[in-house]
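Below is my_file-v7.pdb, holding PDB, C-alpha atoms and all ligand atoms.
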```pdb
ATOM      1  CA  MET A   3      18.411 -11.895  -5.382
ATOM      2  CA  ARG A   4      21.681 -10.881  -3.715
ATOM      3  CA  LYS A   5      22.460  -8.795  -6.830
ATOM      4  CA  VAL A   6      19.167  -6.928  -6.437
ATOM      5  CA  GLN A   7      19.912  -6.230  -2.754
ATOM      6  CA  ASP A   8      23.406  -5.023  -3.598
ATOM      7  CA  TYR A   9      21.905  -2.719  -6.208
ATOM      8  CA  TYR A  10      19.638  -0.964  -3.655
ATOM      9  CA  PHE A  11      22.383  -0.898  -1.021
ATOM     10  CA  LYS A  12      24.775   0.839  -3.440
ATOM     11  CA  LYS A  13      22.072   3.181  -4.700
ATOM     12  CA  ALA A  14      21.250   4.277  -1.112
ATOM     13  CA  LYS A  15      24.915   4.914  -0.405
ATOM     14  CA  LYS A  16      25.302   6.976  -3.580
ATOM     15  CA  GLU A  17      22.181   9.021  -2.836
ATOM     16  CA  ASN A  18      23.238   9.601   0.813
ATOM     17  CA  TYR A  19      20.513   7.590   2.520
ATOM     18  CA  PRO A  20      21.479   5.612   5.633
ATOM     19  CA  ALA A  21      19.339   2.592   4.596
ATOM     20  CA  ARG A  22      18.134   1.024   1.358
ATOM     21  CA  SER A  23      14.622   0.821   2.877
ATOM     22  CA  VAL A  24      14.130   4.300   1.410
ATOM     23  CA  TYR A  25      13.215   2.671  -1.923
ATOM     24  CA  LYS A  26      10.234   0.909  -0.313
ATOM     25  CA  LEU A  27       8.789   4.375   0.251
ATOM     26  CA  GLU A  28      10.051   5.988  -2.934
ATOM     27  CA  GLU A  29       8.433   3.381  -5.195
ATOM     28  CA  ALA A  30       4.994   3.859  -3.584
ATOM     29  CA  GLN A  31       5.368   7.658  -3.561
ATOM     30  CA  LYS A  32       6.260   7.720  -7.283
ATOM     31  CA  LYS A  33       3.156   5.689  -8.087
ATOM     32  CA  TYR A  34       0.571   7.171  -5.687
ATOM     33  CA  ARG A  35       1.921  10.666  -4.778
ATOM     34  CA  PHE A  36       0.520  10.656  -1.260
ATOM     35  CA  LEU A  37       3.285  12.901   0.165
ATOM     36  CA  GLN A  38       2.785  16.475  -0.933
ATOM     37  CA  THR A  39       4.529  19.835  -0.579
ATOM     38  CA  GLY A  40       3.966  21.404   2.838
ATOM     39  CA  ASN A  41       2.736  18.194   4.514
ATOM     40  CA  GLY A  42       3.246  17.367   8.168
ATOM     41  CA  VAL A  43       4.570  13.790   8.219
ATOM     42  CA  LEU A  44       4.760  11.424  11.194
ATOM     43  CA  ASP A  45       7.381   8.691  10.628
ATOM     44  CA  LEU A  46       6.980   5.784  13.075
ATOM     45  CA  GLY A  47      10.002   3.491  13.417
ATOM     46  CA  CYS A  48      12.115   6.172  11.748
ATOM     47  CA  GLN A  49      15.729   5.097  12.425
ATOM     48  CA  PRO A  50      18.296   5.130  10.884
ATOM     49  CA  GLY A  51      16.414   7.898   9.092
ATOM     50  CA  SER A  52      16.026   7.209   5.361
ATOM     51  CA  TRP A  53      12.254   7.624   5.209
ATOM     52  CA  SER A  54      12.391  10.843   7.255
ATOM     53  CA  ILE A  55      15.071  12.287   4.962
ATOM     54  CA  TYR A  56      13.183  11.266   1.808
ATOM     55  CA  ALA A  57       9.873  12.647   3.162
ATOM     56  CA  ALA A  58      11.570  15.899   4.253
ATOM     57  CA  ARG A  59      12.869  16.389   0.698
ATOM     58  CA  ILE A  60       9.470  15.709  -0.849
ATOM     59  CA  VAL A  61       7.402  17.946   1.473
ATOM     60  CA  GLY A  62      10.049  20.696   1.371
ATOM     61  CA  PRO A  63      10.843  23.566   3.781
ATOM     62  CA  ALA A  64       7.141  24.390   4.334
ATOM     63  CA  GLY A  65       6.555  20.898   5.748
ATOM     64  CA  LEU A  66       7.634  19.099   8.921
ATOM     65  CA  VAL A  67       8.730  15.520   9.663
ATOM     66  CA  VAL A  68       8.333  14.116  13.173
ATOM     67  CA  GLY A  69       9.862  10.673  13.772
ATOM     68  CA  VAL A  70       9.604   8.212  16.672
ATOM     69  CA  ASP A  71      11.870   5.211  17.253
ATOM     70  CA  LEU A  72      13.102   3.051  20.127
ATOM     71  CA  GLN A  73      16.581   3.995  18.948
ATOM     72  CA  GLU A  74      18.158   7.403  19.318
ATOM     73  CA  GLY A  75      18.934   9.405  16.161
ATOM     74  CA  LYS A  76      21.334  12.337  15.893
ATOM     75  CA  LYS A  77      19.721  15.653  14.943
ATOM     76  CA  ILE A  78      20.147  16.310  11.210
ATOM     77  CA  SER A  79      19.222  19.175   8.965
ATOM     78  CA  ILE A  80      19.007  19.040   5.184
ATOM     79  CA  ALA A  81      19.136  21.959   2.773
ATOM     80  CA  LYS A  82      15.887  22.802   0.955
ATOM     81  CA  ALA A  83      13.958  20.218   2.986
ATOM     82  CA  ALA A  84      11.529  20.129   5.908
ATOM     83  CA  GLU A  85      12.720  20.283   9.497
ATOM     84  CA  ILE A  86      13.118  16.788  11.007
ATOM     85  CA  VAL A  87      12.349  16.232  14.709
ATOM     86  CA  TRP A  88      13.149  12.757  16.073
ATOM     87  CA  PHE A  89      11.983  11.341  19.407
ATOM     88  CA  CYS A  90      13.462   8.275  21.043
ATOM     89  CA  ASP A  91      10.404   6.461  22.384
ATOM     90  CA  ASP A  92       8.014   3.526  22.101
ATOM     91  CA  ILE A  93       4.914   4.025  19.939
ATOM     92  CA  MET A  94       3.074   1.670  22.330
ATOM     93  CA  ALA A  95       3.562   4.090  25.260
ATOM     94  CA  ASP A  96       0.258   5.565  26.419
ATOM     95  CA  TYR A  97       1.691   9.117  26.664
ATOM     96  CA  ILE A  98       3.036   9.114  23.069
ATOM     97  CA  ILE A  99       0.107  11.035  21.514
ATOM     98  CA  GLU A 100       0.485  13.892  23.993
ATOM     99  CA  LYS A 101       4.253  13.931  23.463
ATOM    100  CA  ILE A 102       3.934  14.105  19.651
ATOM    101  CA  GLN A 103       1.226  16.764  19.866
ATOM    102  CA  LYS A 104       3.579  19.056  21.783
ATOM    103  CA  THR A 105       5.455  19.383  18.467
ATOM    104  CA  GLU A 106       2.558  19.090  15.987
ATOM    105  CA  LYS A 107      -1.185  18.657  16.641
ATOM    106  CA  ASP A 108      -2.037  16.672  13.516
ATOM    107  CA  PHE A 109      -0.484  15.318  10.338
ATOM    108  CA  GLN A 110      -1.379  14.844   6.660
ATOM    109  CA  THR A 111       0.588  11.588   6.368
ATOM    110  CA  ILE A 112       1.623   8.856   8.801
ATOM    111  CA  LEU A 113       4.365   6.428   7.732
ATOM    112  CA  SER A 114       5.339   3.263   9.570
ATOM    113  CA  ASP A 115       8.244   1.014   8.620
ATOM    114  CA  ILE A 116       8.231  -0.478  12.125
ATOM    115  CA  ALA A 117       9.489  -4.024  12.353
ATOM    116  CA  PRO A 118       9.294  -6.047  15.566
ATOM    117  CA  ARG A 119      12.473  -7.688  16.816
ATOM    118  CA  THR A 120      12.176 -11.090  15.136
ATOM    119  CA  SER A 121      11.924 -14.119  17.444
ATOM    120  CA  GLY A 122      12.443 -16.863  14.880
ATOM    121  CA  ASN A 123       8.831 -17.948  15.310
ATOM    122  CA  LYS A 124       6.968 -16.782  12.186
ATOM    123  CA  TRP A 125       3.541 -16.732  13.836
ATOM    124  CA  VAL A 126       4.741 -14.715  16.852
ATOM    125  CA  ASP A 127       6.579 -12.217  14.612
ATOM    126  CA  GLN A 128       3.543 -11.779  12.395
ATOM    127  CA  GLN A 129       1.228 -11.195  15.374
ATOM    128  CA  GLN A 130       3.669  -8.631  16.788
ATOM    129  CA  SER A 131       3.850  -6.875  13.450
ATOM    130  CA  LEU A 132       0.029  -6.778  13.328
ATOM    131  CA  ASN A 133      -0.169  -5.360  16.869
ATOM    132  CA  LEU A 134       2.206  -2.583  15.867
ATOM    133  CA  ALA A 135       0.217  -1.906  12.667
ATOM    134  CA  ARG A 136      -3.028  -1.778  14.716
ATOM    135  CA  ARG A 137      -1.348   0.729  17.030
ATOM    136  CA  VAL A 138      -0.440   2.857  13.995
ATOM    137  CA  LEU A 139      -4.125   2.861  13.014
ATOM    138  CA  GLU A 140      -5.073   3.833  16.568
ATOM    139  CA  LEU A 141      -2.556   6.714  16.501
ATOM    140  CA  ALA A 142      -3.992   7.810  13.135
ATOM    141  CA  GLY A 143      -7.381   8.164  14.859
ATOM    142  CA  GLU A 144      -5.860  10.863  17.079
ATOM    143  CA  LEU A 145      -3.157  12.387  14.904
ATOM    144  CA  LEU A 146      -4.229  12.140  11.244
ATOM    145  CA  GLU A 147      -6.173  14.922   9.549
ATOM    146  CA  SER A 148      -9.347  14.202   7.624
ATOM    147  CA  GLY A 149      -8.343  13.293   4.052
ATOM    148  CA  GLY A 150      -4.853  12.213   5.209
ATOM    149  CA  ASN A 151      -2.875   9.078   4.304
ATOM    150  CA  ILE A 152      -1.097   6.185   6.006
ATOM    151  CA  TYR A 153       1.616   3.889   4.612
ATOM    152  CA  VAL A 154       2.232   1.015   7.026
ATOM    153  CA  LYS A 155       4.442  -2.082   6.953
ATOM    154  CA  VAL A 156       2.815  -5.378   8.001
ATOM    155  CA  PHE A 157       3.942  -9.019   7.804
ATOM    156  CA  GLU A 158       1.400 -10.998   5.795
ATOM    157  CA  GLY A 159      -0.189 -14.008   7.492
ATOM    158  CA  GLU A 160      -3.098 -14.886   9.751
ATOM    159  CA  ASP A 161      -5.383 -11.893  10.479
ATOM    160  CA  PHE A 162      -3.718  -9.757   7.785
ATOM    161  CA  ARG A 163      -6.992  -9.551   5.795
ATOM    162  CA  GLU A 164      -8.837  -8.453   8.924
ATOM    163  CA  PHE A 165      -6.307  -5.632   9.362
ATOM    164  CA  VAL A 166      -6.732  -4.544   5.730
ATOM    165  CA  ASP A 167     -10.531  -4.556   6.215
ATOM    166  CA  SER A 168     -10.176  -2.246   9.200
ATOM    167  CA  VAL A 169      -8.094   0.136   7.064
ATOM    168  CA  ARG A 170     -10.767  -0.015   4.330
ATOM    169  CA  LYS A 171     -13.391   1.168   6.819
ATOM    170  CA  SER A 172     -11.424   4.347   7.546
ATOM    171  CA  PHE A 173      -9.913   5.278   4.162
ATOM    172  CA  LYS A 174     -11.418   6.084   0.776
ATOM    173  CA  THR A 175      -8.779   4.104  -1.162
ATOM    174  CA  VAL A 176      -6.587   1.211   0.010
ATOM    175  CA  LYS A 177      -3.671  -0.410  -1.851
ATOM    176  CA  ILE A 178      -1.404  -3.289  -0.887
ATOM    177  CA  VAL A 179       2.146  -2.522  -2.020
ATOM    178  CA  LYS A 180       5.019  -4.986  -2.397
ATOM    179  CA  PRO A 181       7.948  -2.818  -3.542
ATOM    180  CA  LYS A 182      10.597  -4.275  -5.855
ATOM    181  CA  SER A 183      13.282  -3.448  -3.265
ATOM    182  CA  SER A 184      11.547  -5.658  -0.673
ATOM    183  CA  ARG A 185      12.997  -9.178  -0.646
ATOM    184  CA  SER A 186      10.589 -11.562  -2.369
ATOM    185  CA  GLU A 187      11.085 -14.115   0.433
ATOM    186  CA  SER A 188      10.126 -11.508   3.068
ATOM    187  CA  ARG A 189       6.488 -11.491   4.164
ATOM    188  CA  GLU A 190       6.506  -7.720   4.554
ATOM    189  CA  VAL A 191       4.006  -5.721   2.520
ATOM    190  CA  PHE A 192       2.835  -2.135   2.886
ATOM    191  CA  VAL A 193      -0.764  -1.062   3.326
ATOM    192  CA  LEU A 194      -1.471   2.344   1.838
ATOM    193  CA  GLY A 195      -4.657   4.068   2.982
ATOM    194  CA  MET A 196      -5.504   7.308   1.187
ATOM    195  CA  GLY A 197      -8.236   9.807   2.078
ATOM    196  CA  TYR A 198      -8.837   9.337   5.806
ATOM    197  CA  LEU A 199     -12.564   9.346   6.636
ATOM    198  CA  LYS A 200     -12.288  10.964  10.057
ATOM    199  CA  PRO A 201     -15.336  10.089  12.168
TER
HETATM  200  C1  LIG B   1      13.209  -1.210   9.356
HETATM  201  S1  LIG B   1      13.637  -0.048  10.605
HETATM  202  C2  LIG B   1      13.068   1.464   9.931
HETATM  203  C3  LIG B   1      13.927   1.994   8.824
HETATM  204  C4  LIG B   1      13.573   3.435   8.446
HETATM  205  N1  LIG B   1      12.275   3.491   7.775
HETATM  206  C5  LIG B   1      14.591   4.027   7.499
HETATM  207  O1  LIG B   1      14.289   4.102   6.306
HETATM  208  O2  LIG B   1      15.668   4.402   7.935
HETATM  209  C6  LIG B   1      12.434  -0.394  11.835
HETATM  210  C7  LIG B   1      12.546   0.466  13.096
HETATM  211  O3  LIG B   1      11.391   0.232  13.919
HETATM  212  C8  LIG B   1      11.770   0.540  15.256
HETATM  213  N2  LIG B   1      10.770   0.047  16.214
HETATM  214  C9  LIG B   1      10.415  -1.245  16.473
HETATM  215  N3  LIG B   1       9.459  -1.281  17.429
HETATM  216  C10 LIG B   1       9.197   0.004  17.785
HETATM  217  C11 LIG B   1       8.310   0.636  18.721
HETATM  218  N4  LIG B   1       7.502  -0.109  19.485
HETATM  219  N5  LIG B   1       8.303   1.982  18.812
HETATM  220  C12 LIG B   1       9.147   2.740  18.051
HETATM  221  N6  LIG B   1       9.997   2.211  17.134
HETATM  222  C13 LIG B   1      10.031   0.867  17.010
HETATM  223  C14 LIG B   1      13.143  -0.148  15.372
HETATM  224  O4  LIG B   1      13.878   0.399  16.441
HETATM  225  C15 LIG B   1      13.759   0.135  13.985
HETATM  226  O5  LIG B   1      14.642   1.236  14.021
END
```
Show me, as structure tokens, the structure contained in the file I just sent.
Ligand SMILES: C[S@@+](CC[C@H](N)C(=O)[O-])C[C@H]1O[C@@H](n2cnc3c(N)ncnc32)[C@H](O)[C@@H]1O
Amino acid sequence: MRKVQDYYFKKAKKENYPARSVYKLEEAQKKYRFLQTGNGVLDLGCQPGSWSIYAARIVGPAGLVVGVDLQEGKKISIAKAAEIVWFCDDIMADYIIEKIQKTEKDFQTILSDIAPRTSGNKWVDQQQSLNLARRVLELAGELLESGGNIYVKVFEGEDFREFVDSVRKSFKTVKIVKPKSSRSESREVFVLGMGYLKP
């Protein structure tokens, strides 16, 4: 296991990504191709920035990546990639939709790699992860274009199925993704919803 982790850590370093979590997005993107040239991408829980950088490269200069995180990120710009705009804020804040919409009204893809600060109590952590994932779905209701996609991290456990069912009601196709780069002992999985059925 440690060998596998070292492999992704080294790979991220070599490819100039600040975190190996980038491969949890790359694997799904290579299989399902939900990020496309020119897309507007909202990256929730974006720091230290790997997913934003990867998405900016995929969508290219005609696209835009807007990221939100509790932690501050330094402004970066990457050649032949989309502009990246990062906000330091809480996705649970009630003003967050208005704040995001000042930069971009709606998006073709919403990503969330948000992880709650772990408490040591598995049940509490899982419920917090679900609350954050539910918030991502709520934000999608306001910020995601019809036909758009979400890719959201959730800790599996009680009420996980109920969350997946709520995604199924709003998206044409739903996949549960457990990337190879995600530790097998971790309960994190990613829910991919493609083809948003905007009410
Ligand atoms: C696993 S990291 C994301 C890694 C990122 N995808 C990357 O590839 O660099 C999870 C992030 O979620 C952020 N986070 C947790 N709760 C949040 C909240 N309520 N609002 C915004 N960001 C949050 C944390 O600050 C942390 O930076």
Within 6 Å of ligand LIG 1 (chain B), counting all atoms listed in the file, residues as an MDAnalysis selection string | chainID A and resid 21 23:24 47:53 70:73 91:94 115:118
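Nearest to A:Met196 of all the residues A:Arg163, A:Gly69, A:Tyr34, A:Asp8 is A:Tyr34, counting all atoms listed in the file.
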Find, counting all atoms listed in the file, the residue in A:Leu66, A:Lys76, A:Glu187, A:Lys177 that gets nearest to A:Thr105.
->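 Among the listed residues, the smallest separation from A:Thr105 belongs to A:Leu66.
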Quick one: which residues end up in the PyMOL selection byres (((chain A and resi 179) around 7) and not hetatm) for this structure, as a ChimeraX atom specification?
-> /A:177-178,180-181,191-193
Write out as a PyMOL selection string which residues come within 12 Å of A:Ser188 when counting only C-alpha atoms, dropping same-chain ones fewer than 2 positions away.
-> chain A and resi 3+117+124+128+155-159+180-186+190-192
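In this model, the gap between atom CA of A:Cys90 and atom CA of A:Glu74 comes to 5.1 Å.
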Please, what distance in Å, to one decimal, runs between atom CA of A:Phe109 and atom CA of A:Ala95?
-> 19.1 Å
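Close contacts of A:Lys200, defined as residues with an atom at most 10 Å away when counting only C-alpha atoms, with chain neighbours fewer than 2 positions off set aside, comprise Ala142, Gly143, Glu144, Leu146, Glu147, Ser148, Gly149, Gly150, Ser172, Phe173, Gly197 and Tyr198 of chain A.
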Which of these, A:Ile152, A:Ile55, A:Ala135, A:Leu113, has the shortest distance to A:Lys82 once you count only C-alpha atoms?
-> A:Ile55
Suppose you want the space between atom CA of A:Ala81 and atom CA of A:Phe11; what is it in Å?
-> 23.4 Å
Nearest to A:Thr111, chosen from A:Asp45, A:Asp96, A:Glu85, A:Glu29, with all atoms listed in the file counted in the distances | A:Asp45
So, counting all atoms listed in the file, which residue among A:Asn123, A:Ile112, A:Glu28, A:Ser168 is closest to A:Arg136?
->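 Under the stated criterion, the closest residue is A:Ser168.
With all atoms listed in the file as the basis for measurement, A:Thr39 is the residue among A:Thr39, A:Gln103, A:Asn133, A:Ser121 that approaches A:Ala83 most closely.
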What's around A:Ala64 at 12 Å? Count all atoms listed in the file, leave out sequence neighbours fewer than 4 positions away in its own chain, and write the answer as a PDB file with C-alpha atoms, in the coordinates of the input.
```pdb
ATOM      1  CA  GLN A  38       2.785  16.475  -0.933  1.00  0.00           C
ATOM      2  CA  THR A  39       4.529  19.835  -0.579  1.00  0.00           C
ATOM      3  CA  GLY A  40       3.966  21.404   2.838  1.00  0.00           C
ATOM      4  CA  ASN A  41       2.736  18.194   4.514  1.00  0.00           C
ATOM      5  CA  GLY A  42       3.246  17.367   8.168  1.00  0.00           C
ATOM      6  CA  VAL A  43       4.570  13.790   8.219  1.00  0.00           C
ATOM      7  CA  ALA A  58      11.570  15.899   4.253  1.00  0.00           C
ATOM      8  CA  ARG A  59      12.869  16.389   0.698  1.00  0.00           C
ATOM      9  CA  ILE A  60       9.470  15.709  -0.849  1.00  0.00           C
ATOM     10  CA  LYS A  82      15.887  22.802   0.955  1.00  0.00           C
ATOM     11  CA  ALA A  83      13.958  20.218   2.986  1.00  0.00           C
ATOM     12  CA  ALA A  84      11.529  20.129   5.908  1.00  0.00           C
ATOM     13  CA  GLU A  85      12.720  20.283   9.497  1.00  0.00           C
ATOM     14  CA  ILE A  86      13.118  16.788  11.007  1.00  0.00           C
TER      15      ILE A  86
END
```
Quick one: stretch 33-44 of chain A with all heavy atoms, as a compact mmCIF listing (two decimals), in the first residue's frame?
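part-v6.txt was written with the following content:
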```txt
# COMPACT_ATOMS: atom_id res chain seq x y z
N LYS A 33 -11.80 8.05 -18.02
CA LYS A 33 -12.82 7.05 -18.31
C LYS A 33 -14.12 7.69 -18.81
O LYS A 33 -14.73 7.17 -19.74
CB LYS A 33 -13.08 6.25 -17.03
CG LYS A 33 -13.94 5.04 -17.25
CD LYS A 33 -13.79 4.02 -16.16
CE LYS A 33 -14.69 2.84 -16.42
NZ LYS A 33 -14.82 2.00 -15.26
N TYR A 34 -14.54 8.81 -18.21
CA TYR A 34 -15.89 9.33 -18.51
C TYR A 34 -15.90 10.64 -19.29
O TYR A 34 -16.97 11.07 -19.74
CB TYR A 34 -16.70 9.48 -17.21
CG TYR A 34 -16.89 8.17 -16.49
CD1 TYR A 34 -16.22 7.89 -15.30
CD2 TYR A 34 -17.73 7.18 -17.01
CE1 TYR A 34 -16.38 6.68 -14.65
CE2 TYR A 34 -17.89 5.97 -16.37
CZ TYR A 34 -17.22 5.72 -15.18
OH TYR A 34 -17.40 4.52 -14.55
N ARG A 35 -14.76 11.33 -19.40
CA ARG A 35 -14.65 12.54 -20.23
C ARG A 35 -15.72 13.59 -19.93
O ARG A 35 -16.34 14.12 -20.86
CB ARG A 35 -14.74 12.17 -21.72
CG ARG A 35 -13.79 11.08 -22.13
CD ARG A 35 -12.52 11.65 -22.69
NE ARG A 35 -11.49 10.64 -22.80
CZ ARG A 35 -10.20 10.88 -22.80
NH1 ARG A 35 -9.75 12.09 -22.66
NH2 ARG A 35 -9.33 9.92 -22.91
N PHE A 36 -15.95 13.87 -18.68
CA PHE A 36 -16.99 14.85 -18.34
C PHE A 36 -16.49 16.29 -18.41
O PHE A 36 -17.29 17.22 -18.53
CB PHE A 36 -17.62 14.54 -16.98
CG PHE A 36 -16.62 14.29 -15.88
CD1 PHE A 36 -16.20 15.32 -15.06
CD2 PHE A 36 -16.12 13.02 -15.67
CE1 PHE A 36 -15.29 15.09 -14.05
CE2 PHE A 36 -15.19 12.78 -14.67
CZ PHE A 36 -14.77 13.81 -13.85
N LEU A 37 -15.16 16.51 -18.32
CA LEU A 37 -14.61 17.86 -18.49
C LEU A 37 -14.30 18.04 -19.97
O LEU A 37 -13.64 17.18 -20.56
CB LEU A 37 -13.31 18.02 -17.70
CG LEU A 37 -13.40 18.06 -16.18
CD1 LEU A 37 -12.02 17.89 -15.56
CD2 LEU A 37 -14.03 19.36 -15.70
N GLN A 38 -14.80 19.15 -20.53
CA GLN A 38 -14.57 19.35 -21.96
C GLN A 38 -14.04 20.74 -22.26
O GLN A 38 -14.26 21.67 -21.48
CB GLN A 38 -15.87 19.11 -22.71
CG GLN A 38 -16.17 17.62 -22.79
CD GLN A 38 -17.55 17.29 -23.30
OE1 GLN A 38 -18.28 18.17 -23.71
NE2 GLN A 38 -17.88 16.02 -23.24
N THR A 39 -13.39 20.87 -23.41
CA THR A 39 -12.81 22.14 -23.84
C THR A 39 -13.82 23.27 -23.70
O THR A 39 -14.97 23.12 -24.11
CB THR A 39 -12.38 22.04 -25.33
OG1 THR A 39 -11.59 20.87 -25.46
CG2 THR A 39 -11.58 23.25 -25.77
N GLY A 40 -13.38 24.38 -23.10
CA GLY A 40 -14.22 25.57 -23.00
C GLY A 40 -15.15 25.58 -21.79
O GLY A 40 -15.85 26.58 -21.56
N ASN A 41 -15.16 24.51 -21.01
CA ASN A 41 -16.06 24.44 -19.84
C ASN A 41 -15.73 25.49 -18.79
O ASN A 41 -14.58 25.85 -18.57
CB ASN A 41 -15.92 23.09 -19.14
CG ASN A 41 -16.80 21.98 -19.71
OD1 ASN A 41 -16.85 20.89 -19.17
ND2 ASN A 41 -17.50 22.26 -20.79
N GLY A 42 -16.80 25.91 -18.07
CA GLY A 42 -16.65 26.64 -16.82
C GLY A 42 -16.71 25.59 -15.72
O GLY A 42 -17.65 24.78 -15.67
N VAL A 43 -15.70 25.57 -14.85
CA VAL A 43 -15.61 24.53 -13.82
C VAL A 43 -15.59 25.19 -12.44
O VAL A 43 -14.82 26.13 -12.21
CB VAL A 43 -14.30 23.70 -13.99
CG1 VAL A 43 -14.18 22.64 -12.92
CG2 VAL A 43 -14.25 23.08 -15.38
N LEU A 44 -16.42 24.69 -11.54
CA LEU A 44 -16.40 25.16 -10.15
C LEU A 44 -15.77 24.04 -9.32
O LEU A 44 -16.25 22.91 -9.32
CB LEU A 44 -17.84 25.44 -9.68
CG LEU A 44 -18.00 25.91 -8.24
CD1 LEU A 44 -17.26 27.22 -7.99
CD2 LEU A 44 -19.50 26.09 -7.91
```
